[in-house]
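One file, entry-v6.csv, carrying CSV, C-alpha atoms:
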chain,number,residue,atom,x,y,z
O,1,MET,CA,-63.3,16.0,99.0
O,2,ARG,CA,-64.7,18.6,101.5
O,3,GLY,CA,-68.3,19.3,101.1
O,4,THR,CA,-69.0,16.8,98.4
O,5,ALA,CA,-71.3,13.8,98.6
O,6,VAL,CA,-70.3,10.2,98.7
O,7,GLY,CA,-71.8,7.7,96.2
O,8,ALA,CA,-71.5,4.2,95.0
O,9,GLY,CA,-68.2,3.4,93.3
O,10,ASP,CA,-66.3,6.2,95.0
O,11,LEU,CA,-62.7,5.3,96.2
O,12,LEU,CA,-62.0,6.9,99.6
O,13,HIS,CA,-59.0,7.2,101.8
O,14,LEU,CA,-60.2,7.4,105.4
O,15,THR,CA,-58.2,8.9,108.2
O,16,ARG,CA,-59.0,10.4,111.6
O,17,GLU,CA,-60.4,13.4,109.7
O,18,ALA,CA,-63.3,11.2,108.6
O,19,SER,CA,-63.8,9.6,112.0
O,20,VAL,CA,-61.7,8.7,115.1
O,21,GLN,CA,-62.1,5.0,114.3
O,22,PHE,CA,-59.6,5.4,111.4
O,23,SER,CA,-56.5,6.0,113.6
O,24,ARG,CA,-55.0,3.5,111.1
O,25,PRO,CA,-56.0,4.9,107.7
O,26,ILE,CA,-57.8,2.6,105.3
O,27,THR,CA,-58.9,2.8,101.6
O,28,VAL,CA,-62.4,1.7,100.7
O,29,ARG,CA,-64.6,1.4,97.6
O,30,VAL,CA,-68.2,2.5,98.4
O,31,ILE,CA,-70.9,0.0,97.6
O,32,ARG,CA,-73.8,2.2,98.7
O,33,VAL,CA,-74.7,5.0,101.1
O,34,LEU,CA,-77.3,3.9,103.7
O,35,THR,CA,-79.6,6.9,103.4
O,36,ASP,CA,-82.4,5.3,105.4
O,37,TRP,CA,-80.1,5.1,108.5
O,38,HIS,CA,-80.5,8.2,110.7
O,39,THR,CA,-77.3,10.1,111.5
O,40,TYR,CA,-76.0,13.3,112.9
O,41,ASP,CA,-75.8,16.2,110.4
O,42,GLY,CA,-72.7,15.9,108.3
O,43,TRP,CA,-72.3,12.1,108.9
O,44,VAL,CA,-73.2,9.1,106.8
O,45,TRP,CA,-73.3,5.3,107.0
O,46,ILE,CA,-71.8,3.5,104.1
O,47,ASP,CA,-71.4,-0.1,103.0
O,48,ALA,CA,-67.9,-0.5,101.5
O,49,TYR,CA,-65.1,-2.9,100.6
O,50,GLN,CA,-61.9,-2.3,102.4
O,51,LEU,CA,-59.0,-2.5,99.9
O,52,ASP,CA,-55.4,-3.8,100.3
O,53,ALA,CA,-52.3,-2.1,98.9
O,54,GLY,CA,-52.9,-3.8,95.5
O,55,GLY,CA,-56.5,-2.5,95.2
O,56,ASP,CA,-58.2,-5.9,96.0
O,57,ALA,CA,-61.2,-6.1,98.3
O,58,VAL,CA,-60.2,-7.9,101.5
O,59,ARG,CA,-63.2,-7.1,103.7
O,60,ARG,CA,-66.8,-5.8,103.5
O,61,ARG,CA,-67.6,-3.2,106.1
O,62,THR,CA,-70.4,-0.9,107.3
O,63,LEU,CA,-68.8,2.4,108.3
O,64,PHE,CA,-69.9,5.7,110.0
O,65,LEU,CA,-68.0,8.7,108.8
O,66,MET,CA,-67.9,12.4,107.9
O,67,PRO,CA,-67.6,12.7,104.1
O,68,ALA,CA,-66.0,16.1,104.6
O,69,GLY,CA,-63.0,14.4,106.2
O,70,ALA,CA,-62.6,11.7,103.5
O,71,ARG,CA,-60.0,12.0,100.8
O,72,ARG,CA,-59.9,10.7,97.2
O,73,PRO,CA,-56.6,8.9,96.5
O,74,THR,CA,-54.6,10.4,93.7
O,75,PRO,CA,-54.5,8.1,90.7
O,76,GLN,CA,-51.1,6.3,90.1
O,77,PRO,CA,-49.5,7.0,86.7
O,78,GLY,CA,-49.9,4.1,84.2
O,79,ARG,CA,-53.0,2.6,86.0
O,80,SER,CA,-56.3,2.5,84.2
O,81,ALA,CA,-59.5,3.6,85.9
O,82,GLY,CA,-60.8,0.0,86.0
O,83,ARG,CA,-59.6,-2.8,88.2
O,84,PRO,CA,-55.9,-3.4,87.5
O,85,GLY,CA,-55.2,-6.7,85.8
O,86,ALA,CA,-58.8,-7.7,85.3
O,87,ALA,CA,-58.4,-8.5,81.6
O,88,GLY,CA,-55.2,-10.5,82.3
O,89,ALA,CA,-57.0,-12.4,85.1
O,90,GLN,CA,-59.8,-13.4,82.7
O,91,ARG,CA,-57.3,-14.4,80.0
O,92,GLY,CA,-55.4,-16.5,82.6
O,93,ALA,CA,-58.6,-18.2,83.8
O,94,ALA,CA,-59.5,-19.2,80.2
O,95,THR,CA,-56.1,-20.7,79.6
O,96,ALA,CA,-56.1,-22.5,83.0
O,97,ALA,CA,-59.4,-24.1,82.0
O,98,ARG,CA,-57.8,-25.4,78.8
O,99,GLY,CA,-54.8,-26.7,80.8
O,100,THR,CA,-52.2,-24.5,79.1
O,101,ARG,CA,-50.4,-21.3,79.9
O,102,PRO,CA,-50.2,-18.4,77.4
O,103,GLY,CA,-47.5,-19.0,74.9
O,104,ALA,CA,-46.9,-22.6,75.8
O,105,ALA,CA,-46.7,-25.4,73.2
O,106,PRO,CA,-49.7,-27.7,73.0
O,107,ALA,CA,-49.5,-30.7,75.3
O,108,ARG,CA,-48.5,-34.0,73.6
O,109,ARG,CA,-50.4,-37.1,74.2
O,110,SER,CA,-48.5,-40.1,75.5
O,111,ALA,CA,-48.3,-43.2,73.3
O,112,VAL,CA,-48.6,-45.4,76.3
O,113,ALA,CA,-52.1,-47.0,76.6
O,114,ARG,CA,-53.7,-46.8,80.0

Can the structure in the file be given as structure tokens, please?
Amino acid sequence: MRGTAVGAGDLLHLTREASVQFSRPITVRVIRVLTDWHTYDGWVWIDAYQLDAGGDAVRRRTLFLMPAGARRPTPQPGRSAGRPGAAGAQRGAATAARGTRPGAAPARRSAVAR
């Protein structure tokens, strides 16, 4: 990613090349670049979500880094560009609201009066 700008929505893998603070590499999704914060030439402040191994946001962070040292992770085969499992999660939430799971037989009402 050398020499390219960072923007909202970018997925970045940050290592020591981006800043010494990333001695343990992390992956983030950029929320926004804080252009009104003054920095040294070649450095930026960003708001980002730190992602876990599954791609889920686990922490919101404000980070100071060199975009020239950031890397874009290579896409994994078979994964869509969107958030993995989002459609399934919505479908699961809808069935949970009805009290059934996908493919389950409808619940029977008990004949016992309460």

Shortest interatomic distance to Ala48 (chain O) - which of O:Thr62, O:Thr15, O:Thr27, O:Thr35, counting all atoms listed in the file =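 Result for the nearest residue to Ala48 (chain O): O:Thr62.
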
For CA of Gly54 (chain O) and CA of Ala18 (chain O), quote the distance in Å rounded to one decimal.
-> 22.5 Å

Show which residues sit within 12 Å of Ala5 (chain O), as an MDAnalysis selection string. Count all atoms listed in the file, and ignore same-chain residues fewer than 5 positions away.
-> chainID O and resid 10 12 30 32:33 35 42:44 46 65:72

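With distances restricted to only C-alpha atoms, O:Asp52 is the closest residue to Pro25 (chain O) from O:Trp45, O:Asp52, O:Tyr40, O:Val6.
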
Please, what distance in Å, to one decimal, runs between CA of Asp56 (chain O) and CA of Thr39 (chain O)?
->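 Between CA of Asp56 (chain O) and CA of Thr39 (chain O) the gap works out to 29.3 Å.
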
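Interatomic distance, CA of Phe64 (chain O) to CA of Gln50 (chain O): 13.6 Å.
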
Shortest interatomic distance to Leu11 (chain O) - which of O:Asp36, O:Arg59, O:Val28, O:Leu51, counting all atoms listed in the file =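 Distance minimum relative to Leu11 (chain O) lands on O:Val28.
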
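Nearest-residue note for Ile31 (chain O): choosing from O:Gly7, O:Glu17, O:Ala53, O:Val58, the minimum distance belongs to O:Gly7, counting only C-alpha atoms.
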
I'd like the box whose edges run along x, y and z of the file and which contains every listed atom of region 56-64 of chain O, padded by 5 Å per side; could you state its centre and edge lengths in Å, one decimal, as AutoDock Vina command-line options?
--center_x -64.3 --center_y -1.1 --center_z 103.0 --size_x 22.2 --size_y 23.6 --size_z 24.0

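For the residues O:Arg16, O:Asp41, O:Gly55, O:Leu34, ranking by smallest atom-to-atom distance to Pro73 (chain O) using only C-alpha atoms places O:Gly55 first.
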
Given the choices O:Ala8, O:Arg61, O:Arg29, O:Thr74, which gets closest to Asp47 (chain O) if the distance is worked out from all atoms listed in the file?
->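 Closest to Asp47 (chain O) of all the choices is O:Arg61.
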